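K.L.:
Contents of upload34.txt (compact mmCIF, C-alpha atoms) are given next:
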```txt
# COMPACT_ATOMS: atom_id res chain seq x y z
CA MET A 18 0.35 -21.53 -7.55
CA LEU A 19 -2.39 -22.85 -9.85
CA THR A 20 -5.60 -24.07 -8.29
CA SER A 21 -6.25 -27.82 -8.50
CA LYS A 22 -8.91 -27.29 -11.17
CA LYS A 23 -6.61 -25.19 -13.36
CA ARG A 24 -3.73 -27.64 -12.82
CA GLU A 25 -5.93 -30.54 -14.00
CA ARG A 26 -6.96 -28.57 -17.07
CA LEU A 27 -3.32 -27.81 -17.87
CA HIS A 28 -2.39 -31.50 -17.48
CA ASP A 29 -5.24 -32.52 -19.81
CA GLU A 30 -4.00 -30.11 -22.48
CA ILE A 31 -0.42 -31.39 -22.21
CA ILE A 32 -1.53 -35.04 -22.42
CA ASP A 33 -3.73 -34.29 -25.47
CA TYR A 34 -0.83 -32.50 -27.13
CA LEU A 35 1.59 -35.38 -26.50
CA ARG A 36 -0.87 -37.88 -27.99
CA SER A 37 -1.51 -35.66 -31.03
CA VAL A 38 2.21 -35.56 -31.95
CA GLY A 39 2.77 -39.28 -31.44
CA TYR A 40 4.26 -39.39 -27.93
CA ALA A 41 1.72 -41.87 -26.59
CA GLN A 42 4.06 -43.44 -24.03
CA SER A 43 4.95 -40.04 -22.56
CA ALA A 44 1.28 -39.15 -22.44
CA ASP A 45 0.46 -42.43 -20.67
CA ALA A 46 3.30 -41.89 -18.19
CA LEU A 47 2.08 -38.38 -17.34
CA ALA A 48 -1.50 -39.64 -17.02
CA ALA A 49 -0.31 -42.34 -14.60
CA GLU A 50 1.64 -39.89 -12.43
CA ARG A 51 -0.89 -37.10 -12.30
CA ALA A 52 -2.83 -38.80 -9.48
CA THR A 53 -0.01 -37.90 -7.08
CA PRO A 54 1.33 -34.54 -8.26
CA PRO A 55 4.41 -33.24 -6.44
CA GLN A 56 3.69 -30.70 -3.70
CA VAL A 57 5.66 -27.57 -4.45
CA GLU A 58 5.50 -24.21 -2.76
CA GLU A 59 5.66 -22.24 -6.00
CA PRO A 60 4.45 -22.82 -9.58
CA THR A 61 6.67 -24.36 -12.22
CA MET A 62 7.90 -22.29 -15.16
CA LEU A 63 5.20 -23.77 -17.43
CA GLU A 64 2.48 -23.03 -14.88
CA ARG A 65 3.74 -19.48 -14.43
CA LYS A 66 3.70 -18.91 -18.19
CA TYR A 67 0.17 -20.30 -18.36
CA ALA A 68 -0.90 -18.03 -15.51
CA ASN A 69 0.74 -15.09 -17.26
CA VAL A 70 -1.27 -15.77 -20.41
CA LEU A 71 -4.46 -15.72 -18.33
CA ARG A 72 -3.37 -12.47 -16.69
CA GLN A 73 -2.66 -10.82 -20.05
CA ASP A 74 -6.06 -11.91 -21.29
CA ARG A 75 -7.71 -10.35 -18.23
CA LEU A 76 -5.64 -7.20 -18.75
CA LEU A 77 -6.91 -6.91 -22.33
CA THR A 78 -10.49 -7.35 -21.15
CA SER A 79 -9.96 -4.78 -18.40
CA THR A 80 -8.49 -2.31 -20.90
CA GLU A 81 -11.50 -2.68 -23.17
CA GLU A 82 -13.80 -2.01 -20.20
CA LYS A 83 -11.79 1.10 -19.30
CA VAL A 84 -12.09 2.38 -22.89
CA LYS A 85 -15.86 1.98 -22.68
CA GLU A 86 -15.88 3.75 -19.32
CA LEU A 87 -13.87 6.68 -20.72
CA GLU A 88 -16.20 6.93 -23.70
CA GLN A 89 -19.11 7.12 -21.25
CA LYS A 90 -17.33 9.87 -19.28
CA VAL A 91 -16.88 11.91 -22.48
CA LEU A 92 -20.64 11.69 -23.04
CA GLN A 93 -21.26 12.70 -19.42
CA LEU A 94 -19.01 15.75 -19.77
CA GLN A 95 -21.17 16.91 -22.63
CA ASP A 96 -24.05 16.97 -20.12
CA PRO A 97 -22.88 19.00 -17.07
CA THR A 98 -25.80 17.84 -14.93
CA SER A 99 -24.57 14.24 -15.05
CA VAL A 100 -20.98 14.95 -13.94
CA GLU A 101 -21.74 15.31 -10.22
CA LYS A 102 -23.73 12.07 -10.27
CA ALA A 103 -20.86 10.25 -12.03
CA ILE A 104 -18.43 11.38 -9.35
CA THR A 105 -20.61 10.21 -6.46
CA GLU A 106 -21.06 6.85 -8.15
CA ARG A 107 -17.27 6.32 -8.14
CA ASP A 108 -16.62 6.40 -4.40
CA TYR A 109 -15.47 2.75 -4.38
CA LEU A 110 -15.83 1.91 -0.69
CA PRO A 111 -14.67 -1.50 0.63
CA HIS A 112 -17.53 -3.89 0.20
CA LYS A 113 -16.95 -7.52 -0.77
CA GLN A 114 -14.21 -9.86 0.44
CA ILE A 115 -12.83 -11.74 -2.58
CA GLN A 116 -9.69 -13.52 -1.31
CA VAL A 117 -8.04 -14.85 1.83
CA PHE A 118 -4.35 -15.80 1.75
CA GLU A 119 -2.12 -17.46 4.34
CA GLY A 120 1.54 -18.14 3.73
CA HIS A 121 3.88 -16.42 6.17
CA GLY A 122 3.63 -19.10 8.89
CA ASN A 123 1.20 -19.80 11.70
CA GLY A 124 0.85 -16.89 14.10
CA ARG A 125 3.18 -14.68 12.04
CA GLU A 126 2.15 -11.05 11.61
CA ILE A 127 1.61 -9.53 8.15
CA MET A 128 3.61 -6.32 8.46
CA SER A 129 3.20 -4.60 5.10
CA LEU A 130 1.06 -4.84 1.94
CA LYS A 131 1.51 -3.16 -1.44
CA PHE A 132 -0.54 -3.47 -4.66
CA HIS A 133 1.30 -3.53 -7.99
CA PRO A 134 0.29 -0.37 -9.92
CA GLN A 135 -0.42 -2.20 -13.20
CA GLN A 136 -0.86 -5.94 -12.58
CA SER A 137 -3.23 -7.94 -10.37
CA LEU A 138 -0.43 -8.62 -7.87
CA LEU A 139 -0.26 -8.00 -4.14
CA TYR A 140 3.09 -7.96 -2.27
CA SER A 141 3.11 -9.00 1.38
CA ALA A 142 5.85 -8.85 4.01
CA GLY A 143 5.83 -10.81 7.24
CA GLU A 144 7.54 -11.74 10.44
CA ASP A 145 8.97 -14.83 8.70
CA GLY A 146 11.41 -12.58 6.78
CA LYS A 147 9.90 -13.40 3.39
CA ILE A 148 8.19 -11.30 0.73
CA LYS A 149 5.38 -13.07 -1.10
CA VAL A 150 3.62 -12.10 -4.31
CA TRP A 151 -0.04 -13.04 -4.72
CA ASP A 152 -2.33 -12.87 -7.75
CA TYR A 153 -5.50 -11.63 -6.09
CA GLU A 154 -7.65 -12.30 -9.16
CA LEU A 155 -6.50 -15.89 -9.69
CA GLY A 156 -6.24 -16.45 -5.95
CA GLN A 157 -2.76 -17.97 -5.95
CA LEU A 158 0.82 -17.46 -4.81
CA GLU A 159 3.04 -16.32 -7.66
CA LYS A 160 6.52 -16.19 -6.11
CA THR A 161 8.54 -15.56 -2.96
CA PHE A 162 11.52 -13.26 -2.40
CA VAL A 163 13.97 -14.69 0.13
CA GLY A 164 17.06 -13.00 1.55
CA HIS A 165 16.30 -11.04 4.71
CA GLU A 166 17.37 -12.61 8.00
CA GLY A 167 14.75 -10.85 10.11
CA SER A 168 11.13 -9.73 9.95
CA VAL A 169 10.31 -7.56 6.93
CA ARG A 170 8.49 -4.51 8.29
CA CYS A 171 7.83 -2.37 5.23
CA LEU A 172 7.56 -2.54 1.44
CA ALA A 173 7.64 0.25 -1.14
CA LEU A 174 7.09 0.02 -4.91
CA ASP A 175 8.26 2.57 -7.45
CA LEU A 176 5.70 4.21 -9.75
CA LYS A 177 5.88 1.51 -12.45
CA GLY A 178 6.22 -1.42 -10.08
CA ASP A 179 9.63 -2.37 -11.50
CA ARG A 180 11.49 -2.02 -8.20
CA LEU A 181 10.52 -3.13 -4.72
CA ALA A 182 12.25 -1.84 -1.58
CA SER A 183 12.08 -3.74 1.71
CA ALA A 184 13.02 -2.80 5.28
CA SER A 185 13.92 -5.43 7.84
CA ASP A 186 14.84 -6.20 11.42
CA ASP A 187 18.19 -7.44 10.08
CA THR A 188 19.18 -3.70 9.74
CA GLU A 189 19.24 -3.93 5.93
CA VAL A 190 17.27 -2.26 3.16
CA ARG A 191 17.04 -4.34 0.01
CA VAL A 192 15.95 -3.31 -3.48
CA TRP A 193 14.51 -5.99 -5.76
CA ASP A 194 13.94 -6.14 -9.52
CA THR A 195 10.32 -7.33 -9.69
CA ASN A 196 10.65 -8.43 -13.31
CA ASN A 197 13.67 -10.70 -12.78
CA ASP A 198 13.04 -11.49 -9.09
CA ASN A 199 16.60 -10.46 -8.20
CA CYS A 200 17.97 -8.41 -5.30
CA ILE A 201 19.81 -5.56 -7.04
CA ARG A 202 20.87 -3.52 -3.96
CA ARG A 203 21.68 -4.24 -0.32
CA LEU A 204 21.79 -0.97 1.59
CA GLN A 205 23.69 -1.34 4.86
CA GLY A 206 24.36 1.31 7.47
CA HIS A 207 21.53 1.35 9.98
CA GLU A 208 22.48 0.05 13.43
CA HIS A 209 19.08 -1.36 14.41
CA THR A 210 15.71 -2.43 12.98
CA VAL A 211 14.77 -0.62 9.74
CA SER A 212 11.09 0.15 10.09
CA HIS A 213 10.09 2.04 6.93
CA VAL A 214 11.17 2.92 3.36
CA SER A 215 9.88 5.38 0.74
CA PHE A 216 10.99 6.23 -2.80
CA VAL A 217 11.81 9.90 -3.36
CA LEU A 218 9.72 11.22 -6.25
CA PRO A 219 9.69 12.10 -9.06
CA GLU A 220 13.07 10.82 -10.24
CA GLN A 221 13.06 7.86 -7.80
CA ARG A 222 16.85 7.85 -7.76
CA LEU A 223 16.80 8.24 -3.99
CA LEU A 224 15.29 6.08 -1.27
CA ALA A 225 14.51 7.18 2.29
CA SER A 226 14.60 4.82 5.27
CA CYS A 227 14.08 5.23 9.01
CA SER A 228 15.18 3.04 11.89
CA ARG A 229 15.06 2.16 15.54
CA ASP A 230 18.58 3.63 15.71
CA GLY A 231 16.93 7.08 15.66
CA THR A 232 18.08 8.08 12.17
CA VAL A 233 16.58 8.75 8.77
CA ARG A 234 18.88 7.92 5.87
CA LEU A 235 18.70 9.03 2.26
CA TRP A 236 20.23 6.47 -0.13
CA ASP A 237 21.54 6.99 -3.67
CA LEU A 238 20.21 3.93 -5.51
CA GLN A 239 22.70 4.29 -8.36
CA THR A 240 25.72 3.96 -6.08
CA GLY A 241 24.21 2.32 -3.01
CA SER A 242 25.78 4.95 -0.77
CA VAL A 243 24.22 7.18 1.90
CA ASP A 244 23.46 10.65 0.56
CA LYS A 245 22.30 12.25 3.84
CA ILE A 246 21.60 11.29 7.45
CA PHE A 247 19.07 13.03 9.70
CA ARG A 248 19.05 12.28 13.43
CA ASN A 249 16.11 12.38 15.80
CA PRO A 250 17.08 14.84 18.58
CA THR A 251 15.55 12.50 21.17
CA GLY A 252 17.35 9.46 19.73
CA GLU A 253 14.13 7.42 19.82
CA TRP A 254 12.77 4.94 17.30
CA MET A 255 11.66 6.46 13.97
CA ARG A 256 8.78 4.28 12.72
CA SER A 257 7.64 5.89 9.48
CA VAL A 258 9.08 8.22 6.82
CA LYS A 259 7.22 9.88 3.95
CA VAL A 260 8.47 12.08 1.13
CA LEU A 261 6.88 15.45 0.29
CA GLY A 262 8.79 16.87 -2.65
CA ARG A 263 12.17 17.89 -1.22
CA LYS A 264 11.09 17.30 2.37
CA LEU A 265 11.00 14.22 4.61
CA VAL A 266 8.31 13.78 7.27
CA CYS A 267 8.95 11.27 10.07
CA CYS A 268 7.26 10.01 13.22
CA GLY A 269 7.98 7.55 15.97
CA ASP A 270 8.24 6.67 19.62
CA ASP A 271 8.75 10.26 20.85
CA HIS A 272 5.11 11.04 19.79
CA ILE A 273 6.35 13.85 17.50
CA ILE A 274 5.91 14.41 13.75
CA ARG A 275 9.06 16.05 12.36
CA MET A 276 9.93 17.43 8.94
CA TRP A 277 13.39 17.86 7.40
CA ASP A 278 14.15 20.05 4.39
CA LEU A 279 16.55 18.17 2.08
CA ASP A 280 17.97 21.36 0.55
CA LYS A 281 18.29 23.54 3.65
CA ASN A 282 19.03 20.72 6.13
CA THR A 283 16.57 22.32 8.54
CA GLU A 284 14.09 20.64 10.88
CA LYS A 285 10.73 21.65 12.29
CA VAL A 286 8.02 20.01 14.36
CA VAL A 287 4.69 19.57 12.57
CA GLY A 288 2.69 18.29 15.55
CA ALA A 289 2.41 15.56 18.17
CA HIS A 290 0.21 12.77 19.52
CA GLU A 291 -0.15 11.58 23.09
CA HIS A 292 1.50 8.21 22.37
CA VAL A 293 3.76 6.47 19.82
CA VAL A 294 2.94 7.48 16.22
CA GLU A 295 2.75 4.25 14.23
CA ALA A 296 1.77 5.32 10.71
CA MET A 297 1.53 8.16 8.20
CA ALA A 298 -0.11 8.73 4.82
CA VAL A 299 0.40 11.55 2.31
CA ALA A 300 -2.73 13.26 0.96
CA ASN A 301 -3.27 13.03 -2.79
CA ASP A 302 -4.14 16.08 -4.91
CA ALA A 303 -7.90 15.60 -4.53
CA ALA A 304 -7.64 15.34 -0.74
CA CYS A 305 -5.34 18.37 -0.60
CA ALA A 306 -7.88 20.42 -2.53
CA LEU A 307 -10.69 19.44 -0.16
CA LEU A 308 -8.62 20.00 2.99
CA ALA A 309 -7.50 23.41 1.73
CA GLU A 310 -11.16 24.30 1.17
CA ILE A 311 -12.01 23.15 4.70
CA GLU A 312 -9.22 25.35 6.10
CA ARG A 313 -10.44 28.34 4.09
CA GLU A 314 -13.96 27.88 5.41
CA LYS A 315 -12.68 27.75 8.97
CA ALA A 316 -10.63 30.88 8.44
CA GLU A 317 -13.62 32.68 6.95
CA GLY A 318 -15.88 31.70 9.84
CA VAL A 319 -17.96 29.17 7.91
CA GLU A 320 -19.15 26.14 9.86
CA GLU A 321 -18.06 22.86 8.28
CA GLY A 322 -20.55 21.57 5.75
CA GLU A 323 -22.37 24.91 5.35
CA ALA A 324 -22.40 26.87 2.14
CA ALA A 325 -23.46 30.20 3.65
CA ALA A 326 -21.64 33.26 2.36
CA VAL A 327 -19.78 35.21 5.00
CA LYS A 328 -17.50 38.16 5.11
CA LYS A 329 -13.82 37.23 4.75
CA THR A 330 -11.43 38.03 7.55
CA ASN A 331 -7.74 38.80 7.38
CA GLY A 332 -6.77 36.32 10.09
CA GLY A 333 -6.94 32.56 10.19
CA LEU A 334 -5.55 30.49 7.35
CA SER A 335 -1.89 30.89 6.56
CA SER A 336 -0.94 31.69 2.98
CA ALA A 337 0.95 28.37 3.00
CA VAL A 338 -1.73 25.83 2.08
CA GLY A 339 -0.77 22.16 2.29
CA PRO A 340 0.62 19.67 1.65
CA TYR A 341 -1.22 17.46 4.11
CA ILE A 342 -0.46 14.22 5.90
CA ALA A 343 -2.45 11.88 8.14
CA THR A 344 -1.00 10.19 11.21
CA GLY A 345 -2.20 7.24 13.28
CA SER A 346 -1.12 6.62 16.86
CA ARG A 347 -1.28 4.29 19.83
CA ASP A 348 -3.47 6.95 21.43
CA CYS A 349 -6.19 5.50 19.11
CA TYR A 350 -6.61 8.79 17.19
CA VAL A 351 -6.13 9.64 13.53
CA SER A 352 -5.08 13.23 12.80
CA VAL A 353 -4.65 15.23 9.59
CA TRP A 354 -1.98 17.95 9.50
CA ASN A 355 -1.09 20.88 7.28
CA VAL A 356 2.69 20.49 7.25
CA SER A 357 3.28 24.02 5.92
CA ASN A 358 1.71 25.88 8.83
CA CYS A 359 1.99 22.96 11.30
CA THR A 360 -1.70 22.89 12.24
CA GLU A 361 -4.00 19.97 12.98
CA VAL A 362 -6.84 20.21 10.47
CA LYS A 363 -8.82 17.11 11.47
CA LYS A 364 -8.96 14.59 14.30
CA PHE A 365 -10.88 11.33 14.05
CA ARG A 366 -12.04 9.39 17.12
CA GLY A 367 -13.50 5.91 16.95
CA HIS A 368 -10.86 3.20 17.12
CA ALA A 369 -10.65 1.27 20.38
CA ASP A 370 -6.97 0.29 20.05
CA TRP A 371 -3.72 1.29 18.32
CA VAL A 372 -4.00 2.72 14.79
CA ARG A 373 -1.54 0.77 12.65
CA ASP A 374 -1.84 1.93 9.02
CA LEU A 375 -3.49 4.60 6.87
CA ALA A 376 -4.38 5.42 3.26
CA PHE A 377 -6.12 8.34 1.55
CA HIS A 378 -8.97 7.36 -0.75
CA VAL A 379 -8.39 8.07 -4.45
CA ASN A 380 -11.48 10.31 -4.55
CA GLY A 381 -9.91 12.66 -1.98
CA LYS A 382 -13.04 12.63 0.18
CA CYS A 383 -12.14 9.79 2.55
CA LEU A 384 -9.35 8.41 4.71
CA LEU A 385 -8.94 4.73 5.60
CA SER A 386 -7.39 3.42 8.81
CA CYS A 387 -6.77 -0.01 10.32
CA SER A 388 -6.34 -0.83 13.97
CA ASP A 389 -5.51 -3.43 16.56
CA ASP A 390 -9.23 -3.35 17.41
CA GLY A 391 -9.72 -5.64 14.38
CA THR A 392 -11.40 -3.06 12.13
CA VAL A 393 -10.84 -0.90 9.09
CA LYS A 394 -12.65 2.43 9.22
CA VAL A 395 -13.44 4.83 6.39
CA TRP A 396 -13.59 8.48 7.53
CA GLY A 397 -15.25 11.35 5.68
CA LEU A 398 -12.83 14.27 5.53
CA ARG A 399 -15.58 16.86 5.20
CA ASP A 400 -17.73 15.96 8.21
CA SER A 401 -15.22 13.90 10.25
CA ARG A 402 -17.66 10.98 10.48
CA CYS A 403 -16.91 7.28 10.19
CA ILE A 404 -18.91 6.32 7.11
CA ARG A 405 -18.03 2.61 7.03
CA THR A 406 -16.50 0.02 9.37
CA LEU A 407 -15.16 -3.35 8.25
CA ASN A 408 -14.97 -5.92 11.03
CA VAL A 409 -11.97 -7.70 9.56
CA GLN A 410 -10.61 -9.75 12.47
CA MET A 411 -12.52 -10.68 15.61
CA SER A 412 -9.64 -12.32 17.50
CA SER A 413 -6.47 -10.62 16.19
CA PHE A 414 -5.01 -7.25 15.25
CA VAL A 415 -5.26 -5.65 11.80
CA SER A 416 -1.62 -4.68 11.42
CA SER A 417 -1.34 -3.50 7.80
CA LEU A 418 -3.43 -1.95 5.06
CA GLY A 419 -2.86 -2.02 1.30
CA TYR A 420 -4.72 0.34 -1.01
CA HIS A 421 -5.00 -0.05 -4.78
CA ARG A 422 -3.88 3.00 -6.75
CA ALA A 423 -7.16 3.13 -8.70
CA GLY A 424 -9.20 2.58 -5.53
CA ARG A 425 -10.73 -0.71 -6.71
CA PHE A 426 -9.31 -2.96 -3.97
CA ILE A 427 -7.97 -2.86 -0.43
CA ALA A 428 -6.04 -5.54 1.43
CA THR A 429 -5.64 -6.13 5.15
CA GLY A 430 -2.93 -8.02 6.99
CA SER A 431 -3.37 -9.36 10.50
CA SER A 432 -1.33 -10.67 13.39
CA ASP A 433 -2.57 -14.23 12.73
CA ASN A 434 -1.02 -14.63 9.25
CA GLN A 435 -4.16 -13.76 7.28
CA ILE A 436 -4.33 -11.49 4.24
CA LYS A 437 -7.80 -10.46 3.10
CA VAL A 438 -8.57 -8.71 -0.17
CA TYR A 439 -11.75 -6.64 -0.56
CA LYS A 440 -13.31 -5.26 -3.71
CA CYS A 441 -14.43 -1.64 -3.53
CA GLU A 442 -17.79 -0.78 -5.05
```
Hey, can you dump this file as structure tokens for me?
P.N.:
Amino acid sequence: MLTSKKRERLHDEIIDYLRSVGYAQSADALAAERATPPQVEEPTMLERKYANVLRQDRLLTSTEEKVKELEQKVLQLQDPTSVEKAITERDYLPHKQIQVFEGHGNGREIMSLKFHPQQSLLYSAGEDGKIKVWDYELGQLEKTFVGHEGSVRCLALDLKGDRLASASDDTEVRVWDTNNDNCIRRLQGHEHTVSHVSFVLPEQRLLASCSRDGTVRLWDLQTGSVDKIFRNPTGEWMRSVKVLGRKLVCCGDDHIIRMWDLDKNTEKVVGAHEHVVEAMAVANDAACALLAEIEREKAEGVEEGEAAAVKKTNGGLSSAVGPYIATGSRDCYVSVWNVSNCTEVKKFRGHADWVRDLAFHVNGKCLLSCSDDGTVKVWGLRDSRCIRTLNVQMSSFVSSLGYHRAGRFIATGSSDNQIKVYKCE
């Protein structure tokens, strides 16, 4: 929705146009009615087109800035001594709050947040069963997806942001066309709350979902049918599912992190917490490289953070290095696991309540977590220290965390219907 200032400017332009082409009576009528504009939840088509023009203009400006930044990086690469400095200057830690949104109803929890990979849009899901789309640069609501009959617990966007998947308490998974705002698939089969969804990369033809019914389902998005079903041996709630190549990693109420091989139909236990495991995040390539280095140093007898040369040993690190995942639990801990050799590589202590969501930093050196203690913490993977704490909510839980693909923004969702967007600097 346009701000009042932008709406007035748009009305002025329309009135001037009508007068210039001889429609004075129409212009006078609009001028008379503008004092009491209709209250609508979403922008009109004309307002949306106007907002889109503004967005495209910002995108052009942003592209020009990126070109200049890349040109500067080329110059830096010609001077090896400046490369390390350039990297440290691009850590982009959460710093400045730039927006606050409310729109899912008083006291309704924000359950999931996802940034669009290319546009300045943030998708939010809430207990009200709606999916809302916010322009976090203009500070306005763009549109609302309606269809679910229960709380929407999780959102997932494909790589281009063209498709949005949603998981709901109504036992359905829905897939939406974000360009046309249409629901293009309704995936039915779960027998209880669907708690999480993830696209299977790289082809993105498959979608994974997990549920309170104790199953993980793999859906064929072309046909809408179930491709495979994996069952939790304990039958307990599966709260999160992530995709690692041809493997699915899941966690839930039985405290256990499990992995299924899609080709071999085999299962193994990666690790466990002391309480319900609420969230998972998959390490990016940069984080995997750092974590593999940390494991090598441990295996070689090097203390973390030291650069001393030591004699290599034959024991220690398995030849299977990575991939890595992070898990957050109601035991208040965040752990990082090597899923190949099923070892806990890191454990972070500092939250005073349940850990609800996680994200690896784009630079591969940090991990972000949010908690019911009202904070977001940034952890250094190398030294296991908390390097920054955001006191987001003093009187409510921080229930969801959104992380921008380029690392420029984060968003937090709370149990009191607030969405906050922070710029990373």
K.L.:
Would you kindly return, as an NGL selection string, each protein, DNA or RNA residue with an atom no farther than 10 Å from any atom of region 132-138 of chain A, considering all atoms listed in the file and excluding same-chain residues fewer than 4 positions away?
P.N.:
:A and (72-73 or 75-76 or 149-159 or 173-179 or 181 or 195 or 419-423 or 426-428)
K.L.:
What separation in Å, quoted to one decimal, exists between CA of Phe216 (chain A) and CA of Cys359 (chain A)?
P.N.:
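CA of Cys359 (chain A) lies 23.7 Å from CA of Phe216 (chain A).
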K.L.:
From the set A:Leu398, A:Val190, A:Val70, A:Leu47, which residue has the shortest atom-to-atom contact distance to Ser352 (chain A), counting all atoms listed in the file?
P.N.:
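The closest residue to Ser352 (chain A) is A:Leu398.
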K.L.:
For the point (13.0, -5.4, 4.1) in file coordinates, what residues are within 7 Å, counting only C-alpha atoms? Give the answer as an MDAnalysis selection string?
P.N.:
chainID A and resid 165 169:172 182:185 189:191
K.L.:
List as a PyMOL selection string the protein and nucleic acid residues near region 394-397 of chain A, meaning an atom at most 12 Å away when all atoms listed in the file are counted, but skip any in the same chain fewer than 3 places from it.
P.N.:
chain A and resi 108-112+304+307-308+322+343+350-353+363-369+372-378+380-391+400-409+415+418+427+429+441
K.L.:
To one decimal place in Å, what is the distance between CA of Phe162 (chain A) and CA of Asn196 (chain A)?
P.N.:
12.0 Å
K.L.:
When you look at Val266 (chain A) with a cut-off of 7 Å (counting all atoms listed in the file), what residues show up, excluding the ones that are within fewer than 5 positions of it in the same chain? I need them as a ChimeraX atom specification.
P.N.:
/A:258-260,274-277
K.L.:
Which residues come within 12 Å of Val286 (chain A), counting all atoms listed in the file, excluding same-chain residues fewer than 2 positions away, as a JSON list (two decimals) with C-alpha atoms, in the frame of the given file?
P.N.:
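Output below, filename around_28.json:
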```
[["chain", "number", "residue", "atom", "x", "y", "z"],
["A", 249, "ASN", "CA", 16.11, 12.38, 15.80],
["A", 250, "PRO", "CA", 17.08, 14.84, 18.58],
["A", 265, "LEU", "CA", 11.00, 14.22, 4.61],
["A", 266, "VAL", "CA", 8.31, 13.78, 7.27],
["A", 267, "CYS", "CA", 8.95, 11.27, 10.07],
["A", 268, "CYS", "CA", 7.26, 10.01, 13.22],
["A", 271, "ASP", "CA", 8.75, 10.26, 20.85],
["A", 272, "HIS", "CA", 5.11, 11.04, 19.79],
["A", 273, "ILE", "CA", 6.35, 13.85, 17.50],
["A", 274, "ILE", "CA", 5.91, 14.41, 13.75],
["A", 275, "ARG", "CA", 9.06, 16.05, 12.36],
["A", 276, "MET", "CA", 9.93, 17.43, 8.94],
["A", 277, "TRP", "CA", 13.39, 17.86, 7.40],
["A", 278, "ASP", "CA", 14.15, 20.05, 4.39],
["A", 283, "THR", "CA", 16.57, 22.32, 8.54],
["A", 284, "GLU", "CA", 14.09, 20.64, 10.88],
["A", 288, "GLY", "CA", 2.69, 18.29, 15.55],
["A", 289, "ALA", "CA", 2.41, 15.56, 18.17],
["A", 290, "HIS", "CA", 0.21, 12.77, 19.52],
["A", 354, "TRP", "CA", -1.98, 17.95, 9.50],
["A", 355, "ASN", "CA", -1.09, 20.88, 7.28],
["A", 356, "VAL", "CA", 2.69, 20.49, 7.25],
["A", 357, "SER", "CA", 3.28, 24.02, 5.92],
["A", 358, "ASN", "CA", 1.71, 25.88, 8.83],
["A", 359, "CYS", "CA", 1.99, 22.96, 11.30],
["A", 360, "THR", "CA", -1.70, 22.89, 12.24]]
```
K.L.:
Which of these, A:Arg180, A:Gly122, A:Gly252, A:Asp74, has the shortest distance to Asp194 (chain A) once you count only C-alpha atoms?
P.N.:
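Closest candidate: A:Arg180.
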K.L.:
Using only C-alpha atoms, can you tell me which of A:Gln205, A:Asp280, A:Ala303, A:Arg222 comes closest to Val243 (chain A)?
P.N.:
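Once distances to Val243 (chain A) are computed over only C-alpha atoms, the minimum belongs to A:Gln205.
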K.L.:
Using all atoms listed in the file, which of the listed residues (A:His28, A:Val117, A:Val38, A:Thr210) sits closest to Lys437 (chain A)?
P.N.:
A:Val117
K.L.:
Quick check, in Å to one decimal: how far apart do CA of Glu220 (chain A) and CA of Arg234 (chain A) lie?
P.N.:
17.4 Å
K.L.:
Please list as number ranges by chain every residue within 8 Å of Gly167 (chain A), counting all atoms listed in the file and excluding residues in the same chain fewer than 3 positions away.
P.N.:
A: 144-146, 185-187
K.L.:
Please determine the residues with any atom at most 10 Å from (18.9, 6.5, -6.0) (coordinates as given in the file, with all atoms listed in the file counting) and report them as a count of residues only.
P.N.:
18
K.L.:
So which one's closest to Gly345 (chain A), A:Val362, A:Val293, A:Val393, A:Ile311? Using only C-alpha atoms, please.
P.N.:
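Looking at the shortest contact to Gly345 (chain A), the residue is A:Val293.
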K.L.:
Counting all atoms listed in the file, which residue out of A:Ile201, A:Ala309, A:Met255, A:Ile148 sits closest to Ala296 (chain A)?
P.N.:
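Residue with the minimum atom-to-atom distance to Ala296 (chain A): A:Met255.
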